[in-house]
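Before any comments, here is the structure.
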Amino acid sequence: MSFAWRDYLELAEALVQARTTLAPEEACCRAAVSRAYYAVYGVARTQARDHEGLHLTATGEAHQQVSLHYRTGPSPRHREIGERLRQLRRARNRADYADQLARPVATAQWAVRQARQVLVQLQALAPPGPDDASGGREA
């Protein structure tokens, strides 16, 4: 069974909620940004690969390939997904690699909101499943 990438968004939300009790606040916020991005990236990659014919390399370039696929896609929804994915990836890179992260709580909250919105948009692109006229799991 495939991993449910949306579960990373639940983890990101939990990290933001528990940021003052679980671990150091900034560490929770940085991890939440990262997990929010990977929730969106995983769902977007799977959608593009399995339903839109995207062929991916097995390298770190796959992140850019997925983003570019959506940014240059056929619909305004594709292009918005691609732009938000690019913004989330930039935030994730800052959260994972920068020594200083300005406004970590606000950044984490923003990332979670953006990820939720992108998952809704991706859901709207998904073809309906055989037993689900709505196209699968809700975001």
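Every chain in the structure tokens has a letter given in the order shown (A, B, ...), and although residue numbers restart at 1 in each chain, ligands are simply numbered from 1 in the order shown.
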Would you list the contacts of region 67-83 of chain A as a PyMOL selection string, taking every protein, DNA or RNA residue within 12 Å and counting only C-alpha atoms, but skipping same-chain residues closer than 4 positions in sequence?
-> chain A and resi 37+40-45+47-49+52-56+61-63+87-90+114-126
Residues flagged helix (DSSP H, G or I) by DSSP in chain A, as number ranges by chain = A: 7-17, 25-51, 62-71, 76-97, 104-125
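Comparing the minimum interatomic distances between Gln109 (chain A) and each of A:Ala27, A:Ala18, A:Ala95, A:Ala32, counting only C-alpha atoms, we find that A:Ala32 sits nearest.
If only C-alpha atoms are the atoms counted, then among A:Glu13, A:Asp99, A:Arg6, A:Gln65 the closest residue to Val33 (chain A) is A:Glu13.
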Write out as a PDB file with all heavy atoms, in the first residue's frame each polymer residue whose atoms come within 12 Å of Ala91 (chain A), counting only C-alpha atoms; drop sequence neighbours fewer than 2 positions from it.
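After the write, selection.pdb holds the following:
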```
ATOM      1  N   CYS A  29       8.419  24.333  14.417  1.00  0.00           N
ATOM      2  CA  CYS A  29       7.955  25.139  13.283  1.00  0.00           C
ATOM      3  C   CYS A  29       8.711  24.782  12.006  1.00  0.00           C
ATOM      4  O   CYS A  29       8.105  24.666  10.934  1.00  0.00           O
ATOM      5  CB  CYS A  29       8.093  26.619  13.611  1.00  0.00           C
ATOM      6  SG  CYS A  29       6.907  27.160  14.871  1.00  0.00           S
ATOM      7  N   ARG A  30      10.016  24.607  12.121  1.00  0.00           N
ATOM      8  CA  ARG A  30      10.800  24.224  10.942  1.00  0.00           C
ATOM      9  C   ARG A  30      10.346  22.871  10.413  1.00  0.00           C
ATOM     10  O   ARG A  30      10.187  22.673   9.206  1.00  0.00           O
ATOM     11  CB  ARG A  30      12.283  24.194  11.289  1.00  0.00           C
ATOM     12  CG  ARG A  30      12.915  25.562  11.430  1.00  0.00           C
ATOM     13  CD  ARG A  30      14.348  25.427  11.954  1.00  0.00           C
ATOM     14  NE  ARG A  30      15.028  26.697  12.067  1.00  0.00           N
ATOM     15  CZ  ARG A  30      15.906  27.171  11.172  1.00  0.00           C
ATOM     16  NH1 ARG A  30      16.199  26.462  10.092  1.00  0.00           N
ATOM     17  NH2 ARG A  30      16.487  28.338  11.346  1.00  0.00           N
ATOM     18  N   ALA A  31      10.136  21.928  11.309  1.00  0.00           N
ATOM     19  CA  ALA A  31       9.679  20.598  10.889  1.00  0.00           C
ATOM     20  C   ALA A  31       8.286  20.663  10.264  1.00  0.00           C
ATOM     21  O   ALA A  31       7.998  19.950   9.299  1.00  0.00           O
ATOM     22  CB  ALA A  31       9.689  19.641  12.082  1.00  0.00           C
ATOM     23  N   ALA A  32       7.425  21.534  10.789  1.00  0.00           N
ATOM     24  CA  ALA A  32       6.074  21.683  10.231  1.00  0.00           C
ATOM     25  C   ALA A  32       6.131  22.213   8.804  1.00  0.00           C
ATOM     26  O   ALA A  32       5.394  21.739   7.933  1.00  0.00           O
ATOM     27  CB  ALA A  32       5.245  22.621  11.113  1.00  0.00           C
ATOM     28  N   VAL A  33       6.996  23.183   8.541  1.00  0.00           N
ATOM     29  CA  VAL A  33       7.149  23.713   7.187  1.00  0.00           C
ATOM     30  C   VAL A  33       7.591  22.597   6.246  1.00  0.00           C
ATOM     31  O   VAL A  33       7.047  22.422   5.153  1.00  0.00           O
ATOM     32  CB  VAL A  33       8.154  24.889   7.153  1.00  0.00           C
ATOM     33  CG1 VAL A  33       8.471  25.299   5.723  1.00  0.00           C
ATOM     34  CG2 VAL A  33       7.620  26.071   7.952  1.00  0.00           C
ATOM     35  N   SER A  34       8.561  21.823   6.676  1.00  0.00           N
ATOM     36  CA  SER A  34       9.085  20.735   5.856  1.00  0.00           C
ATOM     37  C   SER A  34       8.006  19.686   5.565  1.00  0.00           C
ATOM     38  O   SER A  34       7.820  19.258   4.420  1.00  0.00           O
ATOM     39  CB  SER A  34      10.281  20.094   6.566  1.00  0.00           C
ATOM     40  OG  SER A  34      10.874  19.117   5.758  1.00  0.00           O
ATOM     41  N   ARG A  35       7.286  19.272   6.585  1.00  0.00           N
ATOM     42  CA  ARG A  35       6.244  18.252   6.396  1.00  0.00           C
ATOM     43  C   ARG A  35       5.094  18.783   5.550  1.00  0.00           C
ATOM     44  O   ARG A  35       4.516  18.039   4.747  1.00  0.00           O
ATOM     45  CB  ARG A  35       5.722  17.740   7.733  1.00  0.00           C
ATOM     46  CG  ARG A  35       6.740  17.000   8.592  1.00  0.00           C
ATOM     47  CD  ARG A  35       7.424  15.845   7.881  1.00  0.00           C
ATOM     48  NE  ARG A  35       8.630  16.288   7.200  1.00  0.00           N
ATOM     49  CZ  ARG A  35       9.332  15.578   6.329  1.00  0.00           C
ATOM     50  NH1 ARG A  35       8.966  14.365   6.005  1.00  0.00           N
ATOM     51  NH2 ARG A  35      10.420  16.065   5.762  1.00  0.00           N
ATOM     52  N   ALA A  36       4.745  20.062   5.695  1.00  0.00           N
ATOM     53  CA  ALA A  36       3.677  20.642   4.867  1.00  0.00           C
ATOM     54  C   ALA A  36       4.083  20.576   3.394  1.00  0.00           C
ATOM     55  O   ALA A  36       3.279  20.209   2.528  1.00  0.00           O
ATOM     56  CB  ALA A  36       3.385  22.076   5.303  1.00  0.00           C
ATOM     57  N   TYR A  37       5.335  20.944   3.119  1.00  0.00           N
ATOM     58  CA  TYR A  37       5.813  20.868   1.734  1.00  0.00           C
ATOM     59  C   TYR A  37       5.759  19.431   1.219  1.00  0.00           C
ATOM     60  O   TYR A  37       5.265  19.175   0.115  1.00  0.00           O
ATOM     61  CB  TYR A  37       7.246  21.400   1.609  1.00  0.00           C
ATOM     62  CG  TYR A  37       7.851  21.031   0.271  1.00  0.00           C
ATOM     63  CD1 TYR A  37       7.453  21.680  -0.892  1.00  0.00           C
ATOM     64  CD2 TYR A  37       8.771  19.986   0.169  1.00  0.00           C
ATOM     65  CE1 TYR A  37       7.973  21.315  -2.130  1.00  0.00           C
ATOM     66  CE2 TYR A  37       9.300  19.619  -1.067  1.00  0.00           C
ATOM     67  CZ  TYR A  37       8.888  20.281  -2.204  1.00  0.00           C
ATOM     68  OH  TYR A  37       9.389  19.908  -3.422  1.00  0.00           O
ATOM     69  N   TYR A  38       6.267  18.490   1.997  1.00  0.00           N
ATOM     70  CA  TYR A  38       6.320  17.111   1.504  1.00  0.00           C
ATOM     71  C   TYR A  38       4.930  16.493   1.352  1.00  0.00           C
ATOM     72  O   TYR A  38       4.738  15.617   0.506  1.00  0.00           O
ATOM     73  CB  TYR A  38       7.246  16.250   2.365  1.00  0.00           C
ATOM     74  CG  TYR A  38       8.676  16.406   1.927  1.00  0.00           C
ATOM     75  CD1 TYR A  38       9.583  17.120   2.700  1.00  0.00           C
ATOM     76  CD2 TYR A  38       9.109  15.888   0.718  1.00  0.00           C
ATOM     77  CE1 TYR A  38      10.900  17.288   2.282  1.00  0.00           C
ATOM     78  CE2 TYR A  38      10.413  16.049   0.291  1.00  0.00           C
ATOM     79  CZ  TYR A  38      11.307  16.742   1.072  1.00  0.00           C
ATOM     80  OH  TYR A  38      12.597  16.921   0.645  1.00  0.00           O
ATOM     81  N   ARG A  84       2.339  27.711  -5.982  1.00  0.00           N
ATOM     82  CA  ARG A  84       2.317  27.456  -4.532  1.00  0.00           C
ATOM     83  C   ARG A  84       3.314  26.373  -4.143  1.00  0.00           C
ATOM     84  O   ARG A  84       3.935  26.458  -3.087  1.00  0.00           O
ATOM     85  CB  ARG A  84       0.909  27.090  -4.080  1.00  0.00           C
ATOM     86  CG  ARG A  84      -0.019  28.279  -4.090  1.00  0.00           C
ATOM     87  CD  ARG A  84      -1.364  27.925  -3.535  1.00  0.00           C
ATOM     88  NE  ARG A  84      -2.224  29.082  -3.554  1.00  0.00           N
ATOM     89  CZ  ARG A  84      -3.395  29.131  -2.947  1.00  0.00           C
ATOM     90  NH1 ARG A  84      -3.839  28.093  -2.274  1.00  0.00           N
ATOM     91  NH2 ARG A  84      -4.128  30.219  -3.020  1.00  0.00           N
ATOM     92  N   LEU A  85       3.450  25.380  -4.977  1.00  0.00           N
ATOM     93  CA  LEU A  85       4.439  24.336  -4.711  1.00  0.00           C
ATOM     94  C   LEU A  85       5.843  24.940  -4.692  1.00  0.00           C
ATOM     95  O   LEU A  85       6.661  24.619  -3.822  1.00  0.00           O
ATOM     96  CB  LEU A  85       4.330  23.238  -5.767  1.00  0.00           C
ATOM     97  CG  LEU A  85       5.146  21.981  -5.571  1.00  0.00           C
ATOM     98  CD1 LEU A  85       4.801  21.288  -4.265  1.00  0.00           C
ATOM     99  CD2 LEU A  85       4.904  21.025  -6.739  1.00  0.00           C
ATOM    100  N   ARG A  86       6.123  25.841  -5.624  1.00  0.00           N
ATOM    101  CA  ARG A  86       7.429  26.498  -5.662  1.00  0.00           C
ATOM    102  C   ARG A  86       7.650  27.336  -4.399  1.00  0.00           C
ATOM    103  O   ARG A  86       8.719  27.297  -3.796  1.00  0.00           O
ATOM    104  CB  ARG A  86       7.555  27.363  -6.910  1.00  0.00           C
ATOM    105  CG  ARG A  86       8.904  28.065  -6.980  1.00  0.00           C
ATOM    106  CD  ARG A  86       9.202  28.680  -8.305  1.00  0.00           C
ATOM    107  NE  ARG A  86       8.196  29.628  -8.745  1.00  0.00           N
ATOM    108  CZ  ARG A  86       8.334  30.377  -9.821  1.00  0.00           C
ATOM    109  NH1 ARG A  86       9.414  30.283 -10.571  1.00  0.00           N
ATOM    110  NH2 ARG A  86       7.390  31.215 -10.169  1.00  0.00           N
ATOM    111  N   GLN A  87       6.630  28.075  -3.973  1.00  0.00           N
ATOM    112  CA  GLN A  87       6.744  28.885  -2.759  1.00  0.00           C
ATOM    113  C   GLN A  87       6.969  28.013  -1.529  1.00  0.00           C
ATOM    114  O   GLN A  87       7.798  28.327  -0.670  1.00  0.00           O
ATOM    115  CB  GLN A  87       5.497  29.741  -2.574  1.00  0.00           C
ATOM    116  CG  GLN A  87       5.330  30.824  -3.604  1.00  0.00           C
ATOM    117  CD  GLN A  87       3.972  31.490  -3.532  1.00  0.00           C
ATOM    118  OE1 GLN A  87       3.129  31.150  -2.695  1.00  0.00           O
ATOM    119  NE2 GLN A  87       3.739  32.445  -4.417  1.00  0.00           N
ATOM    120  N   LEU A  88       6.231  26.912  -1.445  1.00  0.00           N
ATOM    121  CA  LEU A  88       6.405  26.005  -0.314  1.00  0.00           C
ATOM    122  C   LEU A  88       7.787  25.361  -0.312  1.00  0.00           C
ATOM    123  O   LEU A  88       8.392  25.174   0.749  1.00  0.00           O
ATOM    124  CB  LEU A  88       5.319  24.922  -0.318  1.00  0.00           C
ATOM    125  CG  LEU A  88       3.962  25.360   0.206  1.00  0.00           C
ATOM    126  CD1 LEU A  88       2.885  24.360  -0.194  1.00  0.00           C
ATOM    127  CD2 LEU A  88       4.006  25.523   1.722  1.00  0.00           C
ATOM    128  N   ARG A  89       8.296  25.038  -1.487  1.00  0.00           N
ATOM    129  CA  ARG A  89       9.635  24.450  -1.551  1.00  0.00           C
ATOM    130  C   ARG A  89      10.691  25.445  -1.079  1.00  0.00           C
ATOM    131  O   ARG A  89      11.628  25.083  -0.355  1.00  0.00           O
ATOM    132  CB  ARG A  89       9.962  23.974  -2.968  1.00  0.00           C
ATOM    133  CG  ARG A  89      11.317  23.274  -3.007  1.00  0.00           C
ATOM    134  CD  ARG A  89      11.614  22.678  -4.350  1.00  0.00           C
ATOM    135  NE  ARG A  89      12.892  21.985  -4.311  1.00  0.00           N
ATOM    136  CZ  ARG A  89      13.691  21.888  -5.334  1.00  0.00           C
ATOM    137  NH1 ARG A  89      13.371  22.409  -6.504  1.00  0.00           N
ATOM    138  NH2 ARG A  89      14.829  21.242  -5.226  1.00  0.00           N
ATOM    139  N   ASN A  93      13.126  24.825   2.020  1.00  0.00           N
ATOM    140  CA  ASN A  93      14.584  24.925   1.945  1.00  0.00           C
ATOM    141  C   ASN A  93      15.126  25.858   3.027  1.00  0.00           C
ATOM    142  O   ASN A  93      16.136  25.553   3.660  1.00  0.00           O
ATOM    143  CB  ASN A  93      15.027  25.390   0.558  1.00  0.00           C
ATOM    144  CG  ASN A  93      14.943  24.284  -0.468  1.00  0.00           C
ATOM    145  OD1 ASN A  93      14.947  23.108  -0.137  1.00  0.00           O
ATOM    146  ND2 ASN A  93      14.840  24.654  -1.726  1.00  0.00           N
ATOM    147  N   ARG A  94      14.455  26.988   3.245  1.00  0.00           N
ATOM    148  CA  ARG A  94      14.894  27.900   4.315  1.00  0.00           C
ATOM    149  C   ARG A  94      14.759  27.219   5.676  1.00  0.00           C
ATOM    150  O   ARG A  94      15.658  27.307   6.517  1.00  0.00           O
ATOM    151  CB  ARG A  94      14.084  29.199   4.294  1.00  0.00           C
ATOM    152  CG  ARG A  94      14.474  30.147   3.166  1.00  0.00           C
ATOM    153  CD  ARG A  94      13.838  31.519   3.314  1.00  0.00           C
ATOM    154  NE  ARG A  94      12.401  31.500   3.489  1.00  0.00           N
ATOM    155  CZ  ARG A  94      11.502  31.482   2.504  1.00  0.00           C
ATOM    156  NH1 ARG A  94      11.904  31.470   1.236  1.00  0.00           N
ATOM    157  NH2 ARG A  94      10.214  31.479   2.766  1.00  0.00           N
ATOM    158  N   ALA A  95      13.631  26.536   5.901  1.00  0.00           N
ATOM    159  CA  ALA A  95      13.406  25.878   7.187  1.00  0.00           C
ATOM    160  C   ALA A  95      14.415  24.759   7.435  1.00  0.00           C
ATOM    161  O   ALA A  95      14.859  24.562   8.563  1.00  0.00           O
ATOM    162  CB  ALA A  95      11.983  25.321   7.253  1.00  0.00           C
ATOM    163  N   ASP A  96      14.793  24.054   6.385  1.00  0.00           N
ATOM    164  CA  ASP A  96      15.706  22.917   6.548  1.00  0.00           C
ATOM    165  C   ASP A  96      17.179  23.312   6.570  1.00  0.00           C
ATOM    166  O   ASP A  96      17.989  22.594   7.156  1.00  0.00           O
ATOM    167  CB  ASP A  96      15.484  21.900   5.422  1.00  0.00           C
ATOM    168  CG  ASP A  96      14.228  21.069   5.624  1.00  0.00           C
ATOM    169  OD1 ASP A  96      13.607  21.147   6.703  1.00  0.00           O
ATOM    170  OD2 ASP A  96      13.852  20.343   4.681  1.00  0.00           O
ATOM    171  N   TYR A  97      17.543  24.433   5.939  1.00  0.00           N
ATOM    172  CA  TYR A  97      18.964  24.721   5.756  1.00  0.00           C
ATOM    173  C   TYR A  97      19.455  26.042   6.319  1.00  0.00           C
ATOM    174  O   TYR A  97      20.645  26.180   6.572  1.00  0.00           O
ATOM    175  CB  TYR A  97      19.317  24.661   4.263  1.00  0.00           C
ATOM    176  CG  TYR A  97      18.991  23.317   3.640  1.00  0.00           C
ATOM    177  CD1 TYR A  97      18.036  23.205   2.639  1.00  0.00           C
ATOM    178  CD2 TYR A  97      19.621  22.157   4.074  1.00  0.00           C
ATOM    179  CE1 TYR A  97      17.723  21.982   2.078  1.00  0.00           C
ATOM    180  CE2 TYR A  97      19.311  20.926   3.514  1.00  0.00           C
ATOM    181  CZ  TYR A  97      18.363  20.840   2.510  1.00  0.00           C
ATOM    182  OH  TYR A  97      18.055  19.635   1.965  1.00  0.00           O
ATOM    183  N   ALA A  98      18.595  27.028   6.496  1.00  0.00           N
ATOM    184  CA  ALA A  98      19.054  28.344   6.951  1.00  0.00           C
ATOM    185  C   ALA A  98      19.350  28.323   8.447  1.00  0.00           C
ATOM    186  O   ALA A  98      18.609  27.731   9.236  1.00  0.00           O
ATOM    187  CB  ALA A  98      18.001  29.409   6.648  1.00  0.00           C
ATOM    188  N   LEU A 101      15.890  31.690  10.780  1.00  0.00           N
ATOM    189  CA  LEU A 101      14.577  31.646  10.128  1.00  0.00           C
ATOM    190  C   LEU A 101      13.718  32.743  10.738  1.00  0.00           C
ATOM    191  O   LEU A 101      13.361  32.683  11.921  1.00  0.00           O
ATOM    192  CB  LEU A 101      13.906  30.283  10.328  1.00  0.00           C
ATOM    193  CG  LEU A 101      12.551  30.089   9.641  1.00  0.00           C
ATOM    194  CD1 LEU A 101      12.690  30.173   8.120  1.00  0.00           C
ATOM    195  CD2 LEU A 101      11.939  28.753  10.041  1.00  0.00           C
ATOM    196  N   ALA A 102      13.415  33.750   9.941  1.00  0.00           N
ATOM    197  CA  ALA A 102      12.587  34.853  10.414  1.00  0.00           C
ATOM    198  C   ALA A 102      11.156  34.368  10.645  1.00  0.00           C
ATOM    199  O   ALA A 102      10.608  33.637   9.819  1.00  0.00           O
ATOM    200  CB  ALA A 102      12.600  35.992   9.400  1.00  0.00           C
ATOM    201  N   ARG A 103      10.583  34.740  11.751  1.00  0.00           N
ATOM    202  CA  ARG A 103       9.180  34.465  12.066  1.00  0.00           C
ATOM    203  C   ARG A 103       8.797  32.998  11.869  1.00  0.00           C
ATOM    204  O   ARG A 103       7.939  32.674  11.050  1.00  0.00           O
ATOM    205  CB  ARG A 103       8.288  35.384  11.246  1.00  0.00           C
ATOM    206  CG  ARG A 103       8.629  36.857  11.437  1.00  0.00           C
ATOM    207  CD  ARG A 103       7.815  37.811  10.594  1.00  0.00           C
ATOM    208  NE  ARG A 103       6.400  37.614  10.841  1.00  0.00           N
ATOM    209  CZ  ARG A 103       5.466  37.620   9.870  1.00  0.00           C
ATOM    210  NH1 ARG A 103       5.807  37.827   8.622  1.00  0.00           N
ATOM    211  NH2 ARG A 103       4.209  37.439  10.170  1.00  0.00           N
ATOM    212  N   PRO A 104       9.426  32.085  12.600  1.00  0.00           N
ATOM    213  CA  PRO A 104       9.157  30.657  12.380  1.00  0.00           C
ATOM    214  C   PRO A 104       7.705  30.251  12.615  1.00  0.00           C
ATOM    215  O   PRO A 104       7.172  29.417  11.867  1.00  0.00           O
ATOM    216  CB  PRO A 104      10.105  29.948  13.350  1.00  0.00           C
ATOM    217  CG  PRO A 104      10.552  30.986  14.313  1.00  0.00           C
ATOM    218  CD  PRO A 104      10.440  32.301  13.634  1.00  0.00           C
ATOM    219  N   ALA A 106       4.904  32.138  12.272  1.00  0.00           N
ATOM    220  CA  ALA A 106       4.110  32.633  11.147  1.00  0.00           C
ATOM    221  C   ALA A 106       4.408  31.845   9.876  1.00  0.00           C
ATOM    222  O   ALA A 106       3.498  31.546   9.088  1.00  0.00           O
ATOM    223  CB  ALA A 106       4.370  34.123  10.929  1.00  0.00           C
ATOM    224  N   THR A 107       5.668  31.506   9.663  1.00  0.00           N
ATOM    225  CA  THR A 107       6.049  30.735   8.478  1.00  0.00           C
ATOM    226  C   THR A 107       5.404  29.355   8.499  1.00  0.00           C
ATOM    227  O   THR A 107       4.880  28.883   7.487  1.00  0.00           O
ATOM    228  CB  THR A 107       7.577  30.624   8.378  1.00  0.00           C
ATOM    229  OG1 THR A 107       8.133  31.938   8.309  1.00  0.00           O
ATOM    230  CG2 THR A 107       8.006  29.824   7.164  1.00  0.00           C
ATOM    231  N   ALA A 108       5.425  28.704   9.649  1.00  0.00           N
ATOM    232  CA  ALA A 108       4.816  27.374   9.768  1.00  0.00           C
ATOM    233  C   ALA A 108       3.301  27.445   9.561  1.00  0.00           C
ATOM    234  O   ALA A 108       2.727  26.606   8.854  1.00  0.00           O
ATOM    235  CB  ALA A 108       5.142  26.764  11.124  1.00  0.00           C
ATOM    236  N   GLN A 109       2.662  28.435  10.149  1.00  0.00           N
ATOM    237  CA  GLN A 109       1.217  28.580   9.974  1.00  0.00           C
ATOM    238  C   GLN A 109       0.875  28.853   8.517  1.00  0.00           C
ATOM    239  O   GLN A 109      -0.090  28.288   7.987  1.00  0.00           O
ATOM    240  CB  GLN A 109       0.694  29.695  10.881  1.00  0.00           C
ATOM    241  CG  GLN A 109       0.769  29.330  12.346  1.00  0.00           C
ATOM    242  CD  GLN A 109       0.514  30.512  13.274  1.00  0.00           C
ATOM    243  OE1 GLN A 109       0.720  31.670  12.909  1.00  0.00           O
ATOM    244  NE2 GLN A 109       0.068  30.210  14.484  1.00  0.00           N
ATOM    245  N   TRP A 110       1.660  29.705   7.862  1.00  0.00           N
ATOM    246  CA  TRP A 110       1.457  29.983   6.445  1.00  0.00           C
ATOM    247  C   TRP A 110       1.611  28.711   5.615  1.00  0.00           C
ATOM    248  O   TRP A 110       0.794  28.425   4.728  1.00  0.00           O
ATOM    249  CB  TRP A 110       2.461  31.049   5.981  1.00  0.00           C
ATOM    250  CG  TRP A 110       2.473  31.230   4.501  1.00  0.00           C
ATOM    251  CD1 TRP A 110       1.654  32.027   3.763  1.00  0.00           C
ATOM    252  CD2 TRP A 110       3.341  30.567   3.567  1.00  0.00           C
ATOM    253  NE1 TRP A 110       1.957  31.907   2.418  1.00  0.00           N
ATOM    254  CE2 TRP A 110       2.988  31.017   2.276  1.00  0.00           C
ATOM    255  CE3 TRP A 110       4.384  29.645   3.708  1.00  0.00           C
ATOM    256  CZ2 TRP A 110       3.640  30.565   1.132  1.00  0.00           C
ATOM    257  CZ3 TRP A 110       5.027  29.202   2.565  1.00  0.00           C
ATOM    258  CH2 TRP A 110       4.655  29.664   1.295  1.00  0.00           C
ATOM    259  N   ALA A 111       2.664  27.938   5.889  1.00  0.00           N
ATOM    260  CA  ALA A 111       2.927  26.718   5.120  1.00  0.00           C
ATOM    261  C   ALA A 111       1.782  25.717   5.254  1.00  0.00           C
ATOM    262  O   ALA A 111       1.371  25.096   4.265  1.00  0.00           O
ATOM    263  CB  ALA A 111       4.248  26.090   5.555  1.00  0.00           C
ATOM    264  N   VAL A 112       1.265  25.573   6.446  1.00  0.00           N
ATOM    265  CA  VAL A 112       0.148  24.648   6.666  1.00  0.00           C
ATOM    266  C   VAL A 112      -1.091  25.125   5.901  1.00  0.00           C
ATOM    267  O   VAL A 112      -1.774  24.322   5.250  1.00  0.00           O
ATOM    268  CB  VAL A 112      -0.132  24.478   8.177  1.00  0.00           C
ATOM    269  CG1 VAL A 112      -1.472  23.812   8.422  1.00  0.00           C
ATOM    270  CG2 VAL A 112       0.997  23.685   8.834  1.00  0.00           C
ATOM    271  N   GLN A 114      -1.166  27.051   3.203  1.00  0.00           N
ATOM    272  CA  GLN A 114      -0.909  26.873   1.772  1.00  0.00           C
ATOM    273  C   GLN A 114      -1.052  25.408   1.374  1.00  0.00           C
ATOM    274  O   GLN A 114      -1.645  25.092   0.333  1.00  0.00           O
ATOM    275  CB  GLN A 114       0.496  27.374   1.414  1.00  0.00           C
ATOM    276  CG  GLN A 114       0.666  28.857   1.499  1.00  0.00           C
ATOM    277  CD  GLN A 114      -0.188  29.579   0.485  1.00  0.00           C
ATOM    278  OE1 GLN A 114      -0.161  29.299  -0.707  1.00  0.00           O
ATOM    279  NE2 GLN A 114      -0.982  30.517   0.960  1.00  0.00           N
ATOM    280  N   ALA A 115      -0.501  24.524   2.174  1.00  0.00           N
ATOM    281  CA  ALA A 115      -0.567  23.096   1.857  1.00  0.00           C
ATOM    282  C   ALA A 115      -2.012  22.616   1.821  1.00  0.00           C
ATOM    283  O   ALA A 115      -2.397  21.860   0.916  1.00  0.00           O
ATOM    284  CB  ALA A 115       0.246  22.294   2.871  1.00  0.00           C
TER     285      ALA A 115
END
```
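Here CA of Thr46 (chain A) stands at a distance of 15.8 Å from CA of Leu9 (chain A).
What separates CA of Ala58 (chain A) from CA of Ala4 (chain A) is a distance of 19.8 Å.
Relative to CA of Glu10 (chain A), CA of Thr57 (chain A) is found at 27.9 Å.
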